[in-house]
Number of protein chains: 2
Amino acid sequence: MNRKTFLELLSERVLFLDGAYGTEFFKQGYKGAVELLNIDTPKVVEDLQKAYAEAGADVVLTNTFSANRLKLRSMGLEEYIRKINENAVKIARHAAPGKLVLGDMSSTGMFVRPLGDLDFEEAYNVFREQAALLIDAGVDGIIVETMSDLKELKAAILAIRNVSTDIPLIAHMTFEADGISVTGTSVEIFATLMNDLDVDVVGINCTLEPKDMLPVFMRLAEYCHKPLSVEPNAGKPLYNKGVLTYKSTPEEFAVYMADFVELGANLVGGCCGTGPDHIALMSKYVGKQKPRQRTVRNDQFLSSRTVIKTVEPFLVIGERINASGRKKLQKSFQDMDYTEILNLARKQEEEGSAVIDVNLGIEKLLTHEHFKQAVLELDRVSSLPLSLDIQDAAFLETAMREYVGRPLINSALAREEHLNSRLALLKKYGGMLIVLTMEKDIPQTAQERLSVAKKAVEIIKANGVDLKRVFFDPLVLPLGAGSDYHVTLNTIKLLTESGLQTSIGLSNLSFGLPNRESINAAFLGLSVENGLSAAILNSKEATTMNVLQGCLALKGKQLGTTQNAIDDEL
Amino acid sequence: MNRKTFLELLSERVLFLDGAYGTEFFKQGYKGAVELLNIDTPKVVEDLQKAYAEAGADVVLTNTFSANRLKLRSMGLEEYIRKINENAVKIARHAAPGKLVLGDMSSTGMFVRPLGDLDFEEAYNVFREQAALLIDAGVDGIIVETMSDLKELKAAILAIRNVSTDIPLIAHMTFEADGISVTGTSVEIFATLMNDLDVDVVGINCTLEPKDMLPVFMRLAEYCHKPLSVEPNAGKPLYNKGVLTYKSTPEEFAVYMADFVELGANLVGGCCGTGPDHIALMSKYVGKQKPRQRTVRNDQFLSSRTVIKTVEPFLVIGERINASGRKKLQKSFQDMDYTEILNLARKQEEEGSAVIDVNLGIEKLLTHEHFKQAVLELDRVSSLPLSLDIQDAAFLETAMREYVGRPLINSALAREEHLNSRLALLKKYGGMLIVLTMEKDIPQTAQERLSVAKKAVEIIKANGVDLKRVFFDPLVLPLGAGSDYHVTLNTIKLLTESGLQTSIGLSNLSFGLPNRESINAAFLGLSVENGLSAAILNSKEATTMNVLQGCLALKGKQLGTTQNAIDDEL
Ligand SMILES: [Zn+2]
Ligand SMILES: [Zn+2]
Ligand SMILES: [Zn+2]
């Protein structure tokens with residue numbers, strides 16, 4: 001089944017996933033690696049899947065949750081990887097003819113850097129191997145579930161899409177009751193990155209019983225633009241005299257699952273503790289329903305692994321990590337000494353930056369490892385979202401692969417080949433993009449800059465990228481070189497009137513002049529009044545930050561409050 | 001001779017004043033009070049005046065330099081005041097038939113408050129008495145000369161004009177070589193106040209020999225819009241074996257006086273040490289000349305006794321002396337405790353205010369003495385120029401009489417009778433005026449506010465007041481009350497496009513809101529971009545002051561530098 005058919009099906013009615021495998025085999029007394037059943041006693045697997053099919057599941061999952069090379073290796077089963085995965089698909093097909101069979105994948109069981117020692121590319125290769133086995137064996141799609149690390153999930157998604165761009169793909173994370181994963185990622189951060197990545201359905205599963213999962217799901221439903229799936233546990237696990245039970249009854253479960261459908265779930269099923277009884281009652285109780293239309297947040301967010309920031313009403317991008325023309329900083333970056341980067345990241349967060357621009361200086365002096373390490377170090381200290389200020393497309397891709405969250409790319413020229421290459425990265429890895437209103441030379445007039453932007457808009461549309469993900473830079477030139485700041489102001493005005501978002505590199509204006517802070521602040525105020533949406537600026541400049549707050553207050557908006565409102569929700 | 005005839009004559013050719021009286025009588029061995037000659041030996045006076053007339057003087061001065069009641073009293077001659085002045089006019093007329101006879105007046109010899117104990121109104125009455133005697137006796141005009149205190153000169157001018165508005169009036173001060181009088185007033189402060197007061201000719205005399213007076217005269221010529229007169233001493237006085245001589249020869253003197261004519265002098269004569277020989281050579285050497293056209297500074301200035309500030313490129317008016325709604329401050333003002341006023345004046349000067357607004361709070365709790373004392377106290381500490389923020393017209397006049405320099409009046413309504421009363425004070429005492437763009441109620445739209453301003457413009461023109469002396473206030477209303485700040489911005493734009501200067505009360509915008517500094521700063525930036533010329537603001541707000549500097553820098557202007565450029569000149 002290809003993606004188009006799958007998505008059409010999803011738009012027609014709510015589909016039922018199956019229930020748990022591990023906990024069901026455990027109830028039946030099986031205590032070993034459940035993946036081995038695919039080889040040793042396939043009948044056990046087949047019977048459970050038959051039961052799920054009979055209970056009304058539209059979708060059965062292959063018994064391959066832990067069947068990636070690293071996880072199997074930890075269980076001493078590495079040599080069976082091919083057989084386990086291939087058999088799993090055959091068993092499921094046999095057990096549930098006419099049903100959708102999704103290849104089930106989950107964590108490697110190891111932590112990806114910087115949380116652990118596993119390199120992102122290793123994780124990627126592990127997932128790629130399992131995905132290829134499942135897809136070659138003929139699954140209808142893949143579900144990656146119970147992931148607690150957004151970065152590991154990202155590796156899995158990229159790996160699966162490297163094997164097939166045409167297969168349906170469902171991506172799940174698992175959250176605590178506060179909506180934050182054990183690795184610090186909120187459901188909003190997850191949702192907003194999944195909006196960008198090439199997945200078809202976004203969901204949550206495991207950890208929580210339905211009652212506790214409902215508020216987390218509501219947040220997912222508010223932030224995610226894609227079809228949703230959900231698989232709660234049957235309840236909190238209880239050990240009683242050696243017997244594991246889950247406290248929700250199938251009846252309670254079914255009633256709750258109807259609530260998830262009301263809130264917009266497209267696929268509903270069960271995780272730990274749920275069995276065929278839960279699925280049977282759920283499918284009966286929910287019945288054939290058209291999926292609900294949801295109201296989703298339409299604004300934009302940038303995120304790191306642990307911090308999410310709204311773009312509205314204004315995005316402050318801290319400029320201070322920039323080695324251009326600063327020899328000492330450049331040298332420390334070359335030496336992979338990131339002390340100053342981390343220091344500046346922390347300071348800029350205190351100053352009120354929402355996003356941190358990272359410019360490591362002269363790129364021909366650097367290697368891929370420099371960019372990779374910079375992203376890892378900033379992730380390690382839970383930094384703000386990053387603006388990846390990288391000229392070289394290959395270096396940029398390295399940074400984007402390693403990045404956890406939704407970054408800003410700074411920047412693309414409006415020239416077709418340049419812009420296309422950055423849009424490709426944007427589509428693959430997610431995020432937002434600044435597009436300069438110039439192709440090669442700087443247009444002299446606001447009208448010319450607008451024309452360049454409009455050409456870029458056509459290219460962006462042709463790439464299928466939402467214009468909301470793009471800022472146009474109206475180009476700020478140094479006053480000292482005799483430039484007329486009104487050209488930039490007028491360009492902001494024209495771009496804003498055309499419904500486009502704008503971002504400027506503020507400090508360039510006052511380059512070489514005395515009293516830079518005053519000049520920057522004054523110009524920022526005028527720019528915001530003309531509609532500016534974002535600026536890369538020196539957040540150490542109190543005047544600039546204060547004026548920004550004042551400009552927003554004039555419009556009845558507040559920088560801090562809006563962002564805190566989100567933070568409070570998390 | 002009336003003023004019109006006198007000014008026509010002045011426009012046709014350079015006129016010659018006479019030389020010294022006191023030093024000539026001294027040379028002749030006369031050692032007593034020279035005014036007594038008018039009674040005892042009028043022939044001595046008449047002979048000197050005949051000599052001056054024959055030397056080519058177009059104008060002779062009456063021998064009444066010290067003939068005011070206070071000065072005569074100090075010499076024990078008070079009882080002869082009428083006779084001295086009346087005889088002086090008769091002698092001059094007789095000595096120089098066909099020549100202009102100007103009644104000569106000078107200082108009371110006492111210091112006016114706050115420099116001394118003499119009350120301004122006492123000085124005024126003393127000058128009024130002498131002026132009335134001279135005018136009744138038939139002088140063609142009056143010259144007030146050798147004044148070193150601008151306040152005493154102002155009393156004399158107001159007194160003379162109280163006797164006659166139709167008599168020609170020449171006002172002189174005397175300056176040290178640095179262009180500053182012994183009481184701290186610069187020639188620019190003198191010139192810019194004289195531009196406003198109802199005098200016909202402005203000049204300098206005494207203290208300096210021609211060489212040293214020339215640079216001071218050049219400054220006068222740059223700042224003064226009226227015809228100019230000049231009377232240098234003959235040189236530095238030298239006592240040698242009991243004989244007083246002046247080192248310039250009549251030849252040197254004549255050559256210098258031609259230079260003054262080249263620089264724009266309309267009336268040239270001599271002060272101490274000059275005699276008929278000097279005047280004869282001067283009149284011969286200069287000959288009949290048409291007065292030069294001068295280029296004068298056309299910008300506006302506000303001043304106190306000792307400080308002058310440019311209005312361009314932007315006028316910062318410090319708002320912090322304001323008792324409205326501040327009970328403790330109000331109480332201290334009622335008790336005539338001006339400690340806090342002086343403290344706030346000093347602080348605001350440090351913060352970068354150019355002018356200091358003074359609002360003593362609820363006026364019905366105050367008396368004329370409160371306003372008078374406030375002005376005196378601020379003068380005593382050499383404060384910045386004041387903005388007299390006074391509602392009651394009588395209190396305002398009291399403050400304006402006492403004020404030394406060119407103040408700002410804050411403010412008039414555009415309503416005819418209200419505006420006329422303030423314009424009358426402006427014409428009488430000098431200064432600049434803020435006119436609100438409202439008559440009774442606040443117009444809702446920018447166009448309506450512009451219309452109100454245009455009505456006010458007609459009233460101002462009808463009063464013969466230069467529009468450059470007026471700021472229009474586009475009205476800033478509290479954001480918190482739901483007002484749209486764009487109305488004010490648009491009003492600023494419309495007024496600016498109409499060639500009018502604008503001033504706002506900035507802080508009103510953020511009344512009752514948190515983070516006022518940011519809001520004020522942001523709005524000020526937008527206002528300056530729209531053309532705003534001045535603002536009453538809280539100069540303690542660093543953000544506001546910084547943004548202002550930045551806005552001006554965008555336009556290639558600098559607040560500090562322009563003002564310092566003037567300060568440096570002084
Ligand atoms: Zn589970
Ligand atoms: Zn599960
Ligand atoms: Zn003299």
# chains A, B, ... in the order shown; residues from 1 in each chain; ligands from 1
call {"tool": "select_by_dssp", "arguments": {"residues": "stretch 52-208 of chain B", "states": "strand (DSSP E)", "output": "list in words"}}
result
Val59, Val60, Leu61, Leu100, Val101, Leu102, Gly103, Asp104, Met105, Gly141, Ile142, Ile143, Val144, Glu145, Thr146, Met147, Leu169, Ile170, Ala171, His172, Met173, Val201, Val202, Gly203, Ile204 and Asn205 of chain B
call {"tool": "write_last_selection", "arguments": {"atoms": "N, CA and C atoms", "output": "mmCIF file, in the first residue's frame"}}
result
data_model
loop_
_atom_site.group_PDB
_atom_site.id
_atom_site.type_symbol
_atom_site.label_atom_id
_atom_site.label_comp_id
_atom_site.auth_asym_id
_atom_site.auth_seq_id
_atom_site.Cartn_x
_atom_site.Cartn_y
_atom_site.Cartn_z
ATOM 1 N N VAL B 59 24.248 111.115 15.633
ATOM 2 C CA VAL B 59 23.499 110.902 16.867
ATOM 3 C C VAL B 59 24.333 111.435 18.025
ATOM 4 N N VAL B 60 23.697 112.225 18.900
ATOM 5 C CA VAL B 60 24.384 112.529 20.159
ATOM 6 C C VAL B 60 23.556 111.971 21.311
ATOM 7 N N LEU B 61 24.285 111.564 22.354
ATOM 8 C CA LEU B 61 23.620 110.995 23.523
ATOM 9 C C LEU B 61 23.508 112.076 24.600
ATOM 10 N N LEU B 100 20.168 113.511 15.675
ATOM 11 C CA LEU B 100 19.299 112.698 16.544
ATOM 12 C C LEU B 100 19.815 112.790 17.972
ATOM 13 N N VAL B 101 18.898 112.953 18.886
ATOM 14 C CA VAL B 101 19.276 112.975 20.306
ATOM 15 C C VAL B 101 18.702 111.733 20.992
ATOM 16 N N LEU B 102 19.621 110.869 21.462
ATOM 17 C CA LEU B 102 19.167 109.669 22.176
ATOM 18 C C LEU B 102 19.382 109.850 23.670
ATOM 19 N N GLY B 103 18.318 109.558 24.438
ATOM 20 C CA GLY B 103 18.459 109.595 25.891
ATOM 21 C C GLY B 103 19.333 108.435 26.327
ATOM 22 N N ASP B 104 20.387 108.709 27.064
ATOM 23 C CA ASP B 104 21.336 107.669 27.468
ATOM 24 C C ASP B 104 20.973 107.140 28.849
ATOM 25 N N MET B 105 20.877 105.802 28.944
ATOM 26 C CA MET B 105 20.552 105.173 30.226
ATOM 27 C C MET B 105 21.532 104.027 30.460
ATOM 28 N N GLY B 141 14.947 109.112 20.888
ATOM 29 C CA GLY B 141 14.972 107.672 21.165
ATOM 30 C C GLY B 141 15.773 107.443 22.418
ATOM 31 N N ILE B 142 15.927 106.178 22.779
ATOM 32 C CA ILE B 142 16.681 105.863 23.991
ATOM 33 C C ILE B 142 17.718 104.801 23.685
ATOM 34 N N ILE B 143 18.887 104.983 24.285
ATOM 35 C CA ILE B 143 19.882 103.932 24.231
ATOM 36 C C ILE B 143 20.177 103.498 25.677
ATOM 37 N N VAL B 144 20.095 102.141 25.907
ATOM 38 C CA VAL B 144 20.479 101.600 27.208
ATOM 39 C C VAL B 144 21.813 100.918 26.968
ATOM 40 N N GLU B 145 22.859 101.357 27.639
ATOM 41 C CA GLU B 145 24.172 100.827 27.271
ATOM 42 C C GLU B 145 24.982 100.399 28.478
ATOM 43 N N THR B 146 26.096 99.689 28.143
ATOM 44 C CA THR B 146 27.045 99.241 29.176
ATOM 45 C C THR B 146 26.373 98.381 30.243
ATOM 46 N N MET B 147 25.346 97.639 29.882
ATOM 47 C CA MET B 147 24.666 96.778 30.848
ATOM 48 C C MET B 147 25.420 95.447 30.927
ATOM 49 N N LEU B 169 14.507 102.361 20.210
ATOM 50 C CA LEU B 169 15.182 101.867 21.417
ATOM 51 C C LEU B 169 16.383 101.007 21.022
ATOM 52 N N ILE B 170 17.531 101.397 21.541
ATOM 53 C CA ILE B 170 18.767 100.648 21.304
ATOM 54 C C ILE B 170 19.192 100.009 22.620
ATOM 55 N N ALA B 171 19.490 98.693 22.576
ATOM 56 C CA ALA B 171 19.859 97.981 23.812
ATOM 57 C C ALA B 171 21.269 97.411 23.672
ATOM 58 N N HIS B 172 22.109 97.742 24.617
ATOM 59 C CA HIS B 172 23.505 97.294 24.604
ATOM 60 C C HIS B 172 23.850 96.495 25.848
ATOM 61 N N MET B 173 24.712 95.502 25.665
ATOM 62 C CA MET B 173 25.389 94.912 26.813
ATOM 63 C C MET B 173 26.882 95.044 26.610
ATOM 64 N N VAL B 201 17.394 98.222 17.891
ATOM 65 C CA VAL B 201 18.795 98.021 17.551
ATOM 66 C C VAL B 201 19.457 97.316 18.731
ATOM 67 N N VAL B 202 20.357 96.388 18.401
ATOM 68 C CA VAL B 202 21.046 95.624 19.439
ATOM 69 C C VAL B 202 22.535 95.893 19.304
ATOM 70 N N GLY B 203 23.180 96.134 20.434
ATOM 71 C CA GLY B 203 24.593 96.449 20.310
ATOM 72 C C GLY B 203 25.424 96.083 21.514
ATOM 73 N N ILE B 204 26.726 96.296 21.341
ATOM 74 C CA ILE B 204 27.656 96.069 22.440
ATOM 75 C C ILE B 204 28.546 97.290 22.557
ATOM 76 N N ASN B 205 29.001 97.551 23.777
ATOM 77 C CA ASN B 205 29.885 98.695 23.964
ATOM 78 C C ASN B 205 30.763 98.503 25.193
#
call {"tool": "interface_residues", "arguments": {"of": "chain A", "to": "chain B", "cutoff": "8 Å", "atoms": "only C-alpha atoms", "output": "PyMOL selection string"}}
result
chain A and resi 479+485+515-523+525-526+529+542-543+546-551+553-554
call {"tool": "residues_near_ligand", "arguments": {"ligand": "ligand 1", "cutoff": "7 Å", "atoms": "only C-alpha atoms and all ligand atoms", "output": "list in words"}}
result
Thr146, Asn205, Cys206, Thr207, Asn233, Cys271 and Cys272 of chain A
call {"tool": "atom_distance", "arguments": {"atom1": "atom CA of A:Lys71", "atom2": "atom CA of A:Phe111"}}
result
11.7 Å
call {"tool": "select_by_dssp", "arguments": {"residues": "stretch 182-217 of chain B", "states": "alpha helix (DSSP H)", "output": "list in words"}}
result
Val187, Glu188, Ile189, Phe190, Ala191, Thr192, Leu193, Met194, Asn195, Asp196, Pro210, Lys211, Asp212, Met213, Leu214, Pro215, Val216 and Phe217 of chain B
call {"tool": "residues_around", "arguments": {"residues": "stretch 8-11 of chain A", "least_positions_apart": "4", "cutoff": "8 Å", "atoms": "only C-alpha atoms", "output": "list in words"}}
result
Lys4, Leu15, Pro227, Asn266, Leu267, Lys290 and Pro291 of chain A
call {"tool": "write_last_selection", "arguments": {"atoms": "all heavy atoms", "output": "tab-separated table (two decimals), in the first residue's frame"}}
result
chain	number	residue	atom	x	y	z
A	4	LYS	N	-0.31	7.43	-0.56
A	4	LYS	CA	-1.50	8.15	-0.99
A	4	LYS	C	-2.76	7.36	-0.62
A	4	LYS	O	-3.69	7.89	-0.02
A	4	LYS	CB	-1.43	8.38	-2.52
A	4	LYS	CG	-2.45	9.33	-3.07
A	4	LYS	CD	-2.02	9.92	-4.40
A	4	LYS	CE	-3.17	10.62	-5.10
A	4	LYS	NZ	-4.14	9.68	-5.72
A	15	LEU	N	-9.14	4.30	11.96
A	15	LEU	CA	-8.66	2.91	11.88
A	15	LEU	C	-8.27	2.41	13.27
A	15	LEU	O	-7.87	3.18	14.12
A	15	LEU	CB	-7.46	2.82	10.94
A	15	LEU	CG	-7.67	3.23	9.48
A	15	LEU	CD1	-6.39	2.96	8.66
A	15	LEU	CD2	-8.86	2.50	8.85
A	227	PRO	N	-2.26	13.55	10.56
A	227	PRO	CA	-3.12	12.57	11.21
A	227	PRO	C	-2.44	12.01	12.47
A	227	PRO	O	-1.21	11.94	12.53
A	227	PRO	CB	-3.28	11.48	10.14
A	227	PRO	CG	-3.06	12.19	8.85
A	227	PRO	CD	-2.04	13.25	9.14
A	266	ASN	N	-6.79	9.52	14.52
A	266	ASN	CA	-7.13	8.81	13.27
A	266	ASN	C	-6.87	7.32	13.40
A	266	ASN	O	-7.48	6.52	12.67
A	266	ASN	CB	-6.29	9.36	12.12
A	266	ASN	CG	-6.54	10.81	11.86
A	266	ASN	OD1	-6.09	11.66	12.62
A	266	ASN	ND2	-7.30	11.12	10.82
A	267	LEU	N	-5.94	6.98	14.27
A	267	LEU	CA	-5.63	5.56	14.50
A	267	LEU	C	-5.64	5.36	16.01
A	267	LEU	O	-4.95	6.09	16.74
A	267	LEU	CB	-4.24	5.22	13.96
A	267	LEU	CG	-4.08	5.12	12.45
A	267	LEU	CD1	-2.77	5.74	12.02
A	267	LEU	CD2	-4.15	3.65	12.00
A	290	LYS	N	-16.11	8.77	10.82
A	290	LYS	CA	-15.26	9.67	10.03
A	290	LYS	C	-14.36	10.43	11.01
A	290	LYS	O	-14.80	10.82	12.09
A	290	LYS	CB	-16.15	10.68	9.27
A	290	LYS	CG	-15.92	10.64	7.76
A	290	LYS	CD	-16.52	11.73	6.98
A	290	LYS	CE	-15.55	12.30	5.95
A	290	LYS	NZ	-15.03	11.34	4.97
A	291	PRO	N	-13.09	10.58	10.68
A	291	PRO	CA	-12.21	11.31	11.61
A	291	PRO	C	-12.68	12.75	11.83
A	291	PRO	O	-13.27	13.36	10.93
A	291	PRO	CB	-10.85	11.29	10.92
A	291	PRO	CG	-10.94	10.20	9.89
A	291	PRO	CD	-12.37	10.13	9.48
call {"tool": "residues_around", "arguments": {"residues": "A:Ala535", "least_positions_apart": "2", "cutoff": "9 Å", "atoms": "only C-alpha atoms", "output": "ChimeraX atom specification"}}
result
/A:314-318,502-506,524,532-533,537
call {"tool": "residues_around", "arguments": {"residues": "stretch 362-379 of chain B", "least_positions_apart": "5", "cutoff": "9 Å", "atoms": "only C-alpha atoms", "output": "VMD selection string"}}
result
chain B and resid 113 to 114 304 to 306 323 to 325 330 333 to 336 338 341 to 342 345 384 386 390 to 392 394 to 396 398 to 404
call {"tool": "residues_around", "arguments": {"residues": "B:Pro313", "least_positions_apart": "2", "cutoff": "9 Å", "atoms": "only C-alpha atoms", "output": "count of residues only"}}
result
10
call {"tool": "residues_around", "arguments": {"residues": "B:Lys427", "least_positions_apart": "3", "cutoff": "7 Å", "atoms": "only C-alpha atoms", "output": "list in words"}}
result
Asp196, Leu197, Leu423, Ala424 and Gly430 of chain B
call {"tool": "write_last_selection", "arguments": {"atoms": "N, CA and C atoms", "output": "compact mmCIF listing (two decimals), in the first residue's frame"}}
result
# COMPACT_ATOMS: atom_id res chain seq x y z
N ASP B 196 13.78 88.75 20.34
CA ASP B 196 12.37 88.67 20.74
C ASP B 196 11.84 89.96 21.37
N LEU B 197 12.67 90.60 22.19
CA LEU B 197 12.16 91.77 22.92
C LEU B 197 11.96 92.95 21.97
N LEU B 423 0.35 84.47 23.37
CA LEU B 423 1.17 85.13 22.35
C LEU B 423 1.56 86.53 22.81
N ALA B 424 0.66 87.18 23.55
CA ALA B 424 0.98 88.52 24.07
C ALA B 424 2.17 88.44 25.02
N GLY B 430 9.58 87.35 25.30
CA GLY B 430 10.47 86.49 24.52
C GLY B 430 10.27 85.03 24.82
call {"tool": "decode", "arguments": {"residues": "stretch 454-512 of chain A", "atoms": "C-alpha atoms", "output": "PDB file, in the first residue's frame"}}
result
ATOM      1  CA  LYS A 454       8.558  37.159  -5.311  1.00  0.00           C
ATOM      2  CA  LYS A 455      10.748  35.067  -7.571  1.00  0.00           C
ATOM      3  CA  ALA A 456      11.909  33.170  -4.488  1.00  0.00           C
ATOM      4  CA  VAL A 457       8.292  32.655  -3.439  1.00  0.00           C
ATOM      5  CA  GLU A 458       7.649  30.815  -6.695  1.00  0.00           C
ATOM      6  CA  ILE A 459      10.655  28.569  -6.125  1.00  0.00           C
ATOM      7  CA  ILE A 460       9.545  27.864  -2.544  1.00  0.00           C
ATOM      8  CA  LYS A 461       6.029  27.032  -3.697  1.00  0.00           C
ATOM      9  CA  ALA A 462       7.394  24.772  -6.409  1.00  0.00           C
ATOM     10  CA  ASN A 463       9.273  22.910  -3.670  1.00  0.00           C
ATOM     11  CA  GLY A 464       6.046  22.468  -1.741  1.00  0.00           C
ATOM     12  CA  VAL A 465       7.370  24.356   1.274  1.00  0.00           C
ATOM     13  CA  ASP A 466       4.899  26.423   3.315  1.00  0.00           C
ATOM     14  CA  LEU A 467       5.757  30.135   3.106  1.00  0.00           C
ATOM     15  CA  LYS A 468       5.173  30.338   6.852  1.00  0.00           C
ATOM     16  CA  ARG A 469       8.467  28.514   7.264  1.00  0.00           C
ATOM     17  CA  VAL A 470      10.382  31.275   5.511  1.00  0.00           C
ATOM     18  CA  PHE A 471      11.658  34.699   6.547  1.00  0.00           C
ATOM     19  CA  PHE A 472      12.752  37.133   3.873  1.00  0.00           C
ATOM     20  CA  ASP A 473      15.728  39.307   4.689  1.00  0.00           C
ATOM     21  CA  PRO A 474      15.218  42.824   3.261  1.00  0.00           C
ATOM     22  CA  LEU A 475      18.989  43.464   3.611  1.00  0.00           C
ATOM     23  CA  VAL A 476      20.397  45.926   6.119  1.00  0.00           C
ATOM     24  CA  LEU A 477      23.464  47.775   4.881  1.00  0.00           C
ATOM     25  CA  PRO A 478      25.964  49.838   6.847  1.00  0.00           C
ATOM     26  CA  LEU A 479      24.882  53.445   7.329  1.00  0.00           C
ATOM     27  CA  GLY A 480      28.545  54.336   7.400  1.00  0.00           C
ATOM     28  CA  ALA A 481      28.866  53.263   3.771  1.00  0.00           C
ATOM     29  CA  GLY A 482      26.253  55.854   2.873  1.00  0.00           C
ATOM     30  CA  SER A 483      23.280  53.515   2.513  1.00  0.00           C
ATOM     31  CA  ASP A 484      19.757  54.877   2.972  1.00  0.00           C
ATOM     32  CA  TYR A 485      17.996  52.974   5.732  1.00  0.00           C
ATOM     33  CA  HIS A 486      14.639  53.861   4.213  1.00  0.00           C
ATOM     34  CA  VAL A 487      15.250  51.315   1.451  1.00  0.00           C
ATOM     35  CA  THR A 488      15.317  48.546   4.042  1.00  0.00           C
ATOM     36  CA  LEU A 489      12.302  49.964   5.882  1.00  0.00           C
ATOM     37  CA  ASN A 490      10.343  50.168   2.651  1.00  0.00           C
ATOM     38  CA  THR A 491      11.348  46.631   1.718  1.00  0.00           C
ATOM     39  CA  ILE A 492      10.066  45.399   5.093  1.00  0.00           C
ATOM     40  CA  LYS A 493       6.829  47.248   4.449  1.00  0.00           C
ATOM     41  CA  LEU A 494       6.394  45.830   0.944  1.00  0.00           C
ATOM     42  CA  LEU A 495       7.236  42.276   2.026  1.00  0.00           C
ATOM     43  CA  THR A 496       4.854  42.534   4.988  1.00  0.00           C
ATOM     44  CA  GLU A 497       2.083  43.853   2.760  1.00  0.00           C
ATOM     45  CA  SER A 498       2.710  40.826   0.526  1.00  0.00           C
ATOM     46  CA  GLY A 499       2.036  38.604   3.537  1.00  0.00           C
ATOM     47  CA  LEU A 500       5.656  37.514   3.932  1.00  0.00           C
ATOM     48  CA  GLN A 501       7.634  37.233   7.145  1.00  0.00           C
ATOM     49  CA  THR A 502      10.820  39.261   7.448  1.00  0.00           C
ATOM     50  CA  SER A 503      14.063  38.994   9.369  1.00  0.00           C
ATOM     51  CA  ILE A 504      17.012  41.362   9.423  1.00  0.00           C
ATOM     52  CA  GLY A 505      20.628  41.236  10.485  1.00  0.00           C
ATOM     53  CA  LEU A 506      20.327  44.376  12.586  1.00  0.00           C
ATOM     54  CA  SER A 507      23.867  45.168  13.638  1.00  0.00           C
ATOM     55  CA  ASN A 508      25.157  45.497  10.107  1.00  0.00           C
ATOM     56  CA  LEU A 509      23.445  48.901  10.051  1.00  0.00           C
ATOM     57  CA  SER A 510      25.797  50.485  12.567  1.00  0.00           C
ATOM     58  CA  PHE A 511      28.969  48.727  11.439  1.00  0.00           C
ATOM     59  CA  GLY A 512      31.932  51.000  12.089  1.00  0.00           C
TER      60      GLY A 512
END
